[in-house]
file upload24.tsv (TSV, C-alpha atoms)
chain	number	residue	atom	x	y	z
A	73	MET	CA	-29.84	184.92	0.34
A	74	PRO	CA	-27.90	185.31	3.55
A	75	VAL	CA	-28.50	188.50	5.44
A	76	VAL	CA	-25.37	190.62	5.38
A	77	THR	CA	-24.90	192.44	8.66
A	78	LYS	CA	-21.92	194.71	8.82
A	79	LYS	CA	-19.76	194.28	11.86
A	80	LEU	CA	-19.86	197.06	14.42
A	81	GLU	CA	-16.24	197.94	13.60
A	82	GLN	CA	-17.33	198.90	10.09
A	83	LEU	CA	-20.18	201.01	11.35
A	84	ASP	CA	-18.53	202.93	14.19
A	85	GLU	CA	-15.13	204.29	15.08
A	86	PRO	CA	-13.36	203.11	18.21
A	87	LEU	CA	-13.71	205.09	21.41
A	88	GLU	CA	-10.43	206.84	22.06
A	89	ILE	CA	-9.47	207.86	25.59
A	90	ALA	CA	-6.01	209.25	26.34
A	91	GLY	CA	-4.60	207.75	23.15
A	92	HIS	CA	-6.04	204.27	23.82
A	93	GLU	CA	-8.67	202.77	21.55
A	94	PHE	CA	-11.62	200.73	22.77
A	95	ARG	CA	-14.20	198.90	20.65
A	96	SER	CA	-16.81	198.91	23.37
A	97	ARG	CA	-18.45	202.15	24.45
A	98	LEU	CA	-19.71	200.54	27.63
A	99	ILE	CA	-17.72	200.70	30.86
A	100	VAL	CA	-19.01	198.59	33.73
A	101	GLY	CA	-18.56	198.64	37.47
A	102	THR	CA	-17.82	195.63	39.65
A	103	GLY	CA	-19.76	196.62	42.78
A	104	LYS	CA	-22.86	195.10	44.40
A	105	TYR	CA	-22.74	191.67	42.72
A	106	LYS	CA	-23.95	188.77	44.82
A	107	ASP	CA	-20.73	186.90	44.11
A	108	ASN	CA	-17.55	187.20	42.06
A	109	GLU	CA	-18.56	184.46	39.64
A	110	THR	CA	-21.69	186.36	38.58
A	111	MET	CA	-19.67	189.56	38.35
A	112	VAL	CA	-17.12	188.02	35.99
A	113	LYS	CA	-19.86	186.45	33.85
A	114	ALA	CA	-21.74	189.74	33.62
A	115	ILE	CA	-18.74	191.87	32.71
A	116	THR	CA	-17.72	189.28	30.12
A	117	ALA	CA	-21.23	189.31	28.62
A	118	SER	CA	-21.25	193.12	28.52
A	119	GLY	CA	-18.34	193.14	26.06
A	120	THR	CA	-16.69	195.89	28.06
A	121	GLU	CA	-12.97	196.54	27.94
A	122	ILE	CA	-12.84	198.78	31.02
A	123	VAL	CA	-14.05	197.90	34.51
A	124	THR	CA	-14.08	200.10	37.59
A	125	VAL	CA	-12.93	199.00	41.03
A	126	ALA	CA	-12.80	200.66	44.45
A	127	VAL	CA	-9.94	200.91	46.94
A	128	ARG	CA	-10.75	199.78	50.48
A	129	ARG	CA	-9.10	198.44	53.60
A	130	VAL	CA	-8.30	194.75	53.68
A	131	ASP	CA	-10.46	192.95	56.22
A	132	LEU	CA	-7.74	191.58	58.49
A	133	ASP	CA	-10.04	189.07	60.17
A	134	ARG	CA	-10.76	187.35	56.85
A	135	THR	CA	-7.34	187.48	55.32
A	136	LYS	CA	-7.78	184.27	53.38
A	137	GLU	CA	-10.28	186.01	51.15
A	138	GLU	CA	-8.60	187.61	48.18
A	139	GLY	CA	-9.45	191.06	46.90
A	140	ILE	CA	-11.24	191.44	43.60
A	141	LEU	CA	-7.96	191.68	41.68
A	142	TYR	CA	-7.68	187.92	42.01
A	143	HIS	CA	-10.78	187.53	39.82
A	144	LEU	CA	-10.02	190.15	37.18
A	145	ASP	CA	-7.63	189.39	34.35
A	146	GLN	CA	-5.78	192.63	33.72
A	147	LYS	CA	-4.81	191.50	30.24
A	148	ARG	CA	-8.47	191.33	29.39
A	149	TRP	CA	-9.85	194.41	31.09
A	150	LEU	CA	-8.35	197.79	31.83
A	151	LEU	CA	-8.89	198.36	35.54
A	152	LEU	CA	-10.15	201.81	36.37
A	153	PRO	CA	-9.75	202.46	40.11
A	154	ASN	CA	-12.26	204.96	41.46
A	155	THR	CA	-12.15	207.37	44.37
A	156	ALA	CA	-15.73	206.64	45.42
A	157	GLY	CA	-16.56	207.64	48.95
A	158	CYS	CA	-14.07	210.52	49.02
A	159	TYR	CA	-15.41	213.83	50.24
A	160	SER	CA	-12.41	216.11	49.66
A	161	ALA	CA	-9.76	216.67	47.02
A	162	GLU	CA	-7.08	215.56	49.48
A	163	GLU	CA	-8.83	212.28	50.25
A	164	ALA	CA	-9.51	211.58	46.57
A	165	ILE	CA	-5.85	212.19	45.71
A	166	ARG	CA	-4.79	209.77	48.45
A	167	TYR	CA	-7.12	207.07	47.09
A	168	ALA	CA	-6.02	207.71	43.51
A	169	ARG	CA	-2.39	207.14	44.50
A	170	LEU	CA	-3.30	203.93	46.33
A	171	GLY	CA	-5.26	202.78	43.28
A	172	ARG	CA	-2.29	203.42	41.04
A	173	GLU	CA	-0.09	201.32	43.30
A	174	ALA	CA	-2.67	198.54	43.59
A	175	GLY	CA	-3.48	198.29	39.91
A	176	PHE	CA	-0.17	199.16	38.27
A	177	THR	CA	-2.17	201.72	36.29
A	178	ASP	CA	-2.27	205.50	36.10
A	179	TRP	CA	-5.93	205.58	35.11
A	180	VAL	CA	-8.38	206.86	37.70
A	181	LYS	CA	-12.08	207.56	37.82
A	182	LEU	CA	-12.06	210.63	39.99
A	183	GLU	CA	-14.99	211.20	42.30
A	184	VAL	CA	-15.17	213.93	44.92
A	185	ILE	CA	-18.54	213.63	46.57
A	186	GLY	CA	-20.20	216.68	48.10
A	187	ASP	CA	-23.27	215.28	49.82
A	188	GLN	CA	-24.14	211.94	51.40
A	189	ASP	CA	-27.81	211.87	50.44
A	190	THR	CA	-27.49	212.62	46.74
A	191	LEU	CA	-23.84	211.64	46.19
A	192	LEU	CA	-23.62	214.64	43.89
A	193	PRO	CA	-20.11	215.83	43.11
A	194	ASP	CA	-18.30	218.62	44.92
A	195	VAL	CA	-17.19	220.38	41.77
A	196	GLU	CA	-14.71	222.68	43.52
A	197	GLY	CA	-12.84	219.76	45.08
A	198	LEU	CA	-13.17	217.82	41.86
A	199	VAL	CA	-11.42	220.42	39.72
A	200	GLU	CA	-8.72	220.89	42.37
A	201	ALA	CA	-8.05	217.14	42.62
A	202	ALA	CA	-8.11	216.80	38.81
A	203	ARG	CA	-5.37	219.42	38.45
A	204	THR	CA	-3.13	217.72	41.00
A	205	LEU	CA	-3.63	214.23	39.60
A	206	VAL	CA	-3.06	215.33	36.00
A	207	SER	CA	0.20	216.96	37.11
A	208	GLU	CA	1.19	213.62	38.67
A	209	GLY	CA	0.68	211.87	35.34
A	210	PHE	CA	-2.71	210.32	36.00
A	211	LYS	CA	-5.21	209.74	33.22
A	212	VAL	CA	-8.20	211.26	34.96
A	213	LEU	CA	-11.78	210.39	34.05
A	214	ALA	CA	-13.77	212.86	36.11
A	215	TYR	CA	-17.23	212.03	37.45
A	216	THR	CA	-19.11	215.32	37.42
A	217	ASN	CA	-22.61	216.69	37.39
A	218	GLU	CA	-24.28	217.66	34.14
A	219	ASP	CA	-22.88	221.18	34.18
A	220	LEU	CA	-21.15	222.66	31.14
A	221	ILE	CA	-18.95	225.10	33.06
A	222	THR	CA	-17.54	222.38	35.31
A	223	ALA	CA	-16.93	220.17	32.28
A	224	LEU	CA	-14.99	223.02	30.63
A	225	LYS	CA	-12.94	223.56	33.80
A	226	LEU	CA	-12.15	219.86	33.95
A	227	GLU	CA	-11.09	219.85	30.32
A	228	ASP	CA	-8.89	222.84	31.05
A	229	ALA	CA	-7.38	220.91	33.98
A	230	GLY	CA	-6.30	218.24	31.50
A	231	VAL	CA	-8.65	215.35	32.23
A	232	ALA	CA	-8.79	212.43	29.78
A	233	ALA	CA	-12.60	212.34	29.85
A	234	VAL	CA	-15.52	214.04	31.55
A	235	MET	CA	-18.19	211.83	33.06
A	236	PRO	CA	-21.41	213.75	33.64
A	237	LEU	CA	-24.14	211.91	35.50
A	238	ALA	CA	-27.43	210.82	33.94
A	239	SER	CA	-29.02	210.92	37.41
A	240	PRO	CA	-27.73	210.27	40.95
A	241	ILE	CA	-25.52	207.22	41.57
A	242	GLY	CA	-27.55	204.05	42.07
A	243	SER	CA	-30.87	205.82	41.48
A	244	GLY	CA	-31.82	204.10	38.23
A	245	LEU	CA	-33.73	207.21	37.20
A	246	GLY	CA	-32.22	207.29	33.73
A	247	LEU	CA	-31.14	210.30	31.71
A	248	LEU	CA	-32.85	213.26	33.39
A	249	ASN	CA	-31.26	216.08	31.45
A	250	PRO	CA	-30.47	215.20	27.83
A	251	PHE	CA	-30.22	218.87	26.91
A	252	THR	CA	-27.26	219.63	29.20
A	253	ILE	CA	-25.56	216.38	28.22
A	254	ARG	CA	-25.75	217.44	24.55
A	255	LEU	CA	-24.51	220.88	25.53
A	256	ILE	CA	-21.44	219.37	27.19
A	257	LYS	CA	-20.79	217.03	24.27
A	258	GLY	CA	-21.01	219.96	21.88
A	259	ARG	CA	-18.43	221.99	23.73
A	260	VAL	CA	-15.70	219.78	25.17
A	261	SER	CA	-13.20	218.00	22.97
A	262	VAL	CA	-12.31	215.17	25.38
A	263	PRO	CA	-14.63	212.14	25.43
A	264	VAL	CA	-17.92	212.52	27.27
A	265	ILE	CA	-18.88	209.33	29.09
A	266	VAL	CA	-22.17	209.43	30.95
A	267	ASP	CA	-21.79	207.85	34.38
A	268	ALA	CA	-24.43	206.94	36.94
A	269	GLY	CA	-28.20	206.71	37.03
A	270	VAL	CA	-28.94	204.29	34.20
A	271	GLY	CA	-31.76	201.96	35.23
A	272	THR	CA	-32.43	199.76	32.24
A	273	ALA	CA	-31.49	199.21	28.61
A	274	SER	CA	-33.67	201.98	27.17
A	275	ASP	CA	-31.88	204.51	29.42
A	276	ALA	CA	-28.53	203.44	27.96
A	277	CYS	CA	-29.90	203.64	24.44
A	278	VAL	CA	-31.38	207.13	24.89
A	279	THR	CA	-28.11	208.29	26.47
A	280	LEU	CA	-25.99	207.15	23.52
A	281	GLU	CA	-28.54	208.68	21.12
A	282	GLN	CA	-27.50	212.08	22.51
A	283	GLY	CA	-24.13	211.63	20.79
A	284	VAL	CA	-21.98	211.04	23.85
A	285	ASP	CA	-18.92	208.84	23.52
A	286	GLY	CA	-19.70	206.19	26.09
A	287	ILE	CA	-21.53	205.17	29.21
A	288	LEU	CA	-20.67	203.64	32.58
A	289	ILE	CA	-23.12	201.25	34.23
A	290	ASN	CA	-22.87	199.35	37.49
A	291	THR	CA	-26.01	199.03	39.62
A	292	ALA	CA	-28.42	198.50	36.72
A	293	ILE	CA	-26.54	195.33	35.80
A	294	ALA	CA	-25.49	194.16	39.26
A	295	GLU	CA	-28.95	194.60	40.81
A	296	ALA	CA	-30.90	193.13	37.91
A	297	ARG	CA	-32.59	189.82	38.71
A	298	ASP	CA	-30.37	188.28	36.05
A	299	PRO	CA	-27.18	190.36	35.75
A	300	VAL	CA	-25.79	188.40	32.78
A	301	ARG	CA	-28.93	188.95	30.67
A	302	MET	CA	-28.98	192.61	31.66
A	303	ALA	CA	-25.31	192.94	30.71
A	304	VAL	CA	-26.13	191.69	27.21
A	305	ALA	CA	-29.10	194.06	27.06
A	306	MET	CA	-26.87	196.99	28.04
A	307	LYS	CA	-24.29	196.00	25.41
A	308	GLN	CA	-26.94	195.93	22.70
A	309	ALA	CA	-28.62	199.12	23.93
A	310	THR	CA	-25.31	200.96	23.96
A	311	GLU	CA	-24.58	199.82	20.42
A	312	ALA	CA	-28.12	200.58	19.25
A	313	GLY	CA	-28.09	204.07	20.73
A	314	ARG	CA	-24.70	204.81	19.23
A	315	LEU	CA	-25.70	203.57	15.77
A	316	ALA	CA	-29.00	205.47	15.90
A	317	TYR	CA	-27.06	208.62	16.72
A	318	LEU	CA	-24.64	208.05	13.85
A	319	ALA	CA	-27.48	207.17	11.48
A	320	GLY	CA	-29.31	210.40	12.29
A	321	ARG	CA	-32.93	210.31	13.34
A	322	MET	CA	-35.82	211.51	11.19
A	323	PRO	CA	-37.37	214.87	12.04
A	324	ARG	CA	-40.18	215.03	14.58
A	325	ARG	CA	-43.47	216.18	13.00
A	326	GLU	CA	-46.71	217.31	14.52
A	327	GLN	CA	-48.71	215.72	11.70
A	328	ALA	CA	-48.91	212.27	10.23
A	329	VAL	CA	-47.22	211.67	6.88
A	330	PRO	CA	-48.27	208.52	5.03
A	331	SER	CA	-45.59	205.93	4.45
A	332	SER	CA	-47.42	204.41	1.48
A	333	PRO	CA	-48.02	206.27	-1.82
A	334	THR	CA	-51.16	208.39	-1.92
A	335	ALA	CA	-51.29	208.04	-5.71
A	336	GLY	CA	-52.60	204.93	-7.40
A	337	MET	CA	-55.56	204.41	-5.12
A	338	LEU	CA	-58.65	202.77	-6.61
A	339	ASP	CA	-61.70	204.89	-7.43
B	209	MET	CA	16.37	204.41	55.79
B	210	ARG	CA	16.92	203.92	59.50
B	211	LYS	CA	18.01	200.55	60.67
B	212	CYS	CA	15.26	198.73	62.49
B	213	ALA	CA	17.62	196.79	64.76
B	214	ALA	CA	18.30	199.85	66.89
B	215	LEU	CA	14.62	200.18	67.74
B	216	THR	CA	14.06	196.58	68.70
B	217	PRO	CA	15.17	196.62	72.35
B	218	VAL	CA	13.18	199.75	73.31
B	219	VAL	CA	9.97	197.93	74.25
B	220	LYS	CA	11.52	194.94	75.90
B	221	ILE	CA	8.71	193.91	78.18
B	222	MET	CA	9.12	190.20	78.71
B	223	ASN	CA	5.50	189.09	78.64
B	224	GLU	CA	6.02	186.45	76.01
B	225	SER	CA	8.85	184.35	74.82
B	226	ASP	CA	9.26	186.99	72.07
B	227	GLN	CA	12.07	189.44	72.07
B	228	GLY	CA	9.37	192.06	72.41
B	229	THR	CA	6.13	193.35	71.06
B	230	ILE	CA	5.37	196.77	69.71
B	231	THR	CA	2.00	198.41	69.30
B	232	ILE	CA	1.05	199.78	65.91
B	233	THR	CA	-2.23	200.84	64.34
B	234	VAL	CA	-3.28	198.61	61.46
B	235	ASN	CA	-6.36	199.52	59.44
B	236	GLY	CA	-7.63	201.67	62.27
B	237	GLU	CA	-7.10	199.11	65.06
B	238	GLU	CA	-4.29	198.92	67.58
B	239	ARG	CA	-2.40	195.68	67.28
B	240	GLY	CA	0.61	194.17	68.95
B	241	VAL	CA	3.19	192.79	66.55
B	242	PRO	CA	6.70	191.44	67.08
B	243	ALA	CA	9.39	194.08	67.15
B	244	GLY	CA	11.93	194.30	64.39
B	245	LEU	CA	9.71	193.50	61.45
B	246	THR	CA	10.00	194.96	57.98
B	247	VAL	CA	6.93	195.76	55.93
B	248	ARG	CA	7.45	192.46	54.10
B	249	ASP	CA	7.47	190.60	57.44
B	250	LEU	CA	4.32	192.44	58.49
B	251	LEU	CA	2.51	191.35	55.32
B	252	ALA	CA	3.53	187.77	56.06
B	253	HIS	CA	2.43	188.21	59.70
B	254	PHE	CA	-1.10	189.05	58.52
B	255	GLU	CA	-0.93	186.44	55.74
B	256	LEU	CA	-1.39	189.04	53.02
B	257	HIS	CA	-0.37	188.55	49.41
B	258	GLU	CA	2.22	191.15	48.42
B	259	ARG	CA	0.91	191.58	44.89
B	260	LEU	CA	-2.71	192.04	45.87
B	261	VAL	CA	-2.24	194.53	48.68
B	262	VAL	CA	-0.94	198.08	48.89
B	263	VAL	CA	0.72	199.33	52.05
B	264	GLU	CA	0.57	202.83	53.40
B	265	ARG	CA	2.85	203.60	56.35
B	266	ASN	CA	2.24	206.85	58.18
B	267	ARG	CA	0.35	208.16	55.14
B	268	GLN	CA	3.18	207.32	52.74
B	269	ILE	CA	2.77	204.55	50.20
B	270	VAL	CA	5.48	201.94	50.58
B	271	ARG	CA	6.61	200.84	47.12
B	272	ARG	CA	6.78	197.09	46.60
B	273	HIS	CA	10.53	197.05	45.99
B	274	GLN	CA	11.02	198.64	49.42
B	275	TYR	CA	9.02	196.08	51.41
B	276	GLY	CA	12.15	194.27	52.54
B	277	GLU	CA	13.86	197.45	53.74
B	278	VAL	CA	11.20	199.61	55.38
B	279	PRO	CA	10.98	198.90	59.13
B	280	VAL	CA	7.80	198.73	61.17
B	281	THR	CA	8.30	200.79	64.29
B	282	ALA	CA	6.28	201.37	67.45
B	283	GLY	CA	3.43	203.81	66.93
B	284	ASP	CA	3.33	203.36	63.15
B	285	THR	CA	0.03	203.75	61.40
B	286	ILE	CA	-0.27	201.11	58.71
B	287	GLU	CA	-3.01	200.77	56.13
B	288	PHE	CA	-3.41	197.64	54.05
B	289	VAL	CA	-5.73	198.29	51.10
B	290	HIS	CA	-6.80	196.37	48.05
B	291	PHE	CA	-9.34	196.51	45.24
B	292	VAL	CA	-12.93	195.62	45.96
B	293	GLY	CA	-15.97	195.79	43.73
B	294	GLY	CA	-17.01	199.33	42.92
B	295	GLY	CA	-18.65	201.51	40.31
call {"tool": "encode", "arguments": {"input": "upload24.tsv", "output": "structure tokens"}}
result
Amino acid sequence: MPVVTKKLEQLDEPLEIAGHEFRSRLIVGTGKYKDNETMVKAITASGTEIVTVAVRRVDLDRTKEEGILYHLDQKRWLLLPNTAGCYSAEEAIRYARLGREAGFTDWVKLEVIGDQDTLLPDVEGLVEAARTLVSEGFKVLAYTNEDLITALKLEDAGVAAVMPLASPIGSGLGLLNPFTIRLIKGRVSVPVIVDAGVGTASDACVTLEQGVDGILINTAIAEARDPVRMAVAMKQATEAGRLAYLAGRMPRREQAVPSSPTAGMLD
Amino acid sequence: MRKCAALTPVVKIMNESDQGTITITVNGEERGVPAGLTVRDLLAHFELHERLVVVERNRQIVRRHQYGEVPVTAGDTIEFVHFVGGG
């Protein structure tokens, strides 16, 4: 008898952000890869439909080198420009506008960073920038800390998704605060996509098990010894975590309960 | 838009066979470029691909359809940006 495995589409709904549907719940970044070829292979293997990019000055002394856009097929992946490295609302708005012009897209992953050491968000600047960008027609996915009140303010500002962090950017510490992530998911109606801090596949799985809508991973794939293998692992972990959440876990018990019948034992 | 031709003769120091050179700031560095260029000419001057680069002139984004019309004038601050890998 062949094993019948239902396709993921039959087991899960698509992820909907700003009226667009995505089959994959994994968003991946394009930073820190050793070369563009590995980057393209890894993002292909991840099954993602959305990839993030950053906006930076062209290096005028190496003008023959193309930007990353040359390597990314925009028919295949939705490009999500970020405002990484911006430390004020004003700066983030400027980068968002440049990203829109560069990518022919009004999607933006909004980051307003408040501190160089931790790269934690400046939530005041974040909410301010979100309001402005939403009014300019941007679909704003807002990178935020795992704080319910900020998430509610961002939702009120009209963002397309809130992106609370699992742990600091590039730390690989995994999901440090599942409780507050669940709290946010329980209260906001826009998608909750956990962004930053995932270290390995189990982190992605545990994150999706909290019931969030998606996850964004960059460093954990790019800095793995074998990024393509890790991309596949992250794809499977994201799907596994999501399905485990939908399936509903068994209760935790303090005592053992036998799995085999206690009746019918021999004398 | 102002016509760029009127600005061309202002810096007519004959150090080269050019009609003149103006100084502008490009990506944070002062650079001399020929006078009388449009943004489109400036992109060509730096061998940049129009579709892959975004231009900001004096903090204003120059839309692609305006590249042929917007002049580059002395003292301009130009930023050429593009997408790079990021998370």
call {"tool": "residues_around", "arguments": {"input": "upload24.tsv", "residues": "segment 252-256 of chain B", "least_positions_apart": "2", "cutoff": "12 Å", "atoms": "all atoms listed in the file", "output": "ChimeraX atom specification"}}
result
/A:130-139 /B:234-235,239-243,245-250,258-263,275-276,280,288-290
call {"tool": "atom_distance", "arguments": {"input": "upload24.tsv", "atom1": "atom CA of Ser160 of chain A", "atom2": "atom CA of Val199 of chain A"}}
result
10.9 Å
call {"tool": "interface_residues", "arguments": {"input": "upload24.tsv", "of": "chain A", "to": "chain B", "cutoff": "7 Å", "atoms": "all atoms listed in the file", "output": "short mmCIF file (atom, residue, chain, number, x, y, z; two decimals) with C-alpha atoms, in the frame of the given file"}}
result
data_model
loop_
_atom_site.label_atom_id
_atom_site.label_comp_id
_atom_site.auth_asym_id
_atom_site.auth_seq_id
_atom_site.Cartn_x
_atom_site.Cartn_y
_atom_site.Cartn_z
CA GLY A 101 -18.56 198.64 37.47
CA THR A 102 -17.82 195.63 39.65
CA GLY A 103 -19.76 196.62 42.78
CA LYS A 104 -22.86 195.10 44.40
CA THR A 124 -14.08 200.10 37.59
CA VAL A 125 -12.93 199.00 41.03
CA ALA A 126 -12.80 200.66 44.45
CA VAL A 127 -9.94 200.91 46.94
CA ARG A 128 -10.75 199.78 50.48
CA ARG A 129 -9.10 198.44 53.60
CA VAL A 130 -8.30 194.75 53.68
CA THR A 135 -7.34 187.48 55.32
CA GLY A 139 -9.45 191.06 46.90
CA ILE A 140 -11.24 191.44 43.60
CA LEU A 141 -7.96 191.68 41.68
CA LEU A 170 -3.30 203.93 46.33
CA GLU A 173 -0.09 201.32 43.30
CA ALA A 174 -2.67 198.54 43.59
CA ASN A 290 -22.87 199.35 37.49
#
call {"tool": "atom_distance", "arguments": {"input": "upload24.tsv", "atom1": "atom CA of Ile99 of chain A", "atom2": "atom CA of Lys113 of chain A"}}
result
14.7 Å
call {"tool": "residues_around", "arguments": {"input": "upload24.tsv", "residues": "Leu280 of chain A", "least_positions_apart": "3", "cutoff": "9 Å", "atoms": "all atoms listed in the file", "output": "number ranges by chain"}}
result
A: 266, 275-277, 283-287, 309-317
call {"tool": "closest_residue", "arguments": {"input": "upload24.tsv", "among": "A:Ala292, A:Ile89, A:Ile115, A:Val212", "to": "Gly230 of chain A", "atoms": "only C-alpha atoms"}}
result
A:Val212
call {"tool": "closest_residue", "arguments": {"input": "upload24.tsv", "among": "A:Ile165, A:Val270, A:Leu318, A:Ala90", "to": "Met302 of chain A", "atoms": "only C-alpha atoms"}}
result
A:Val270
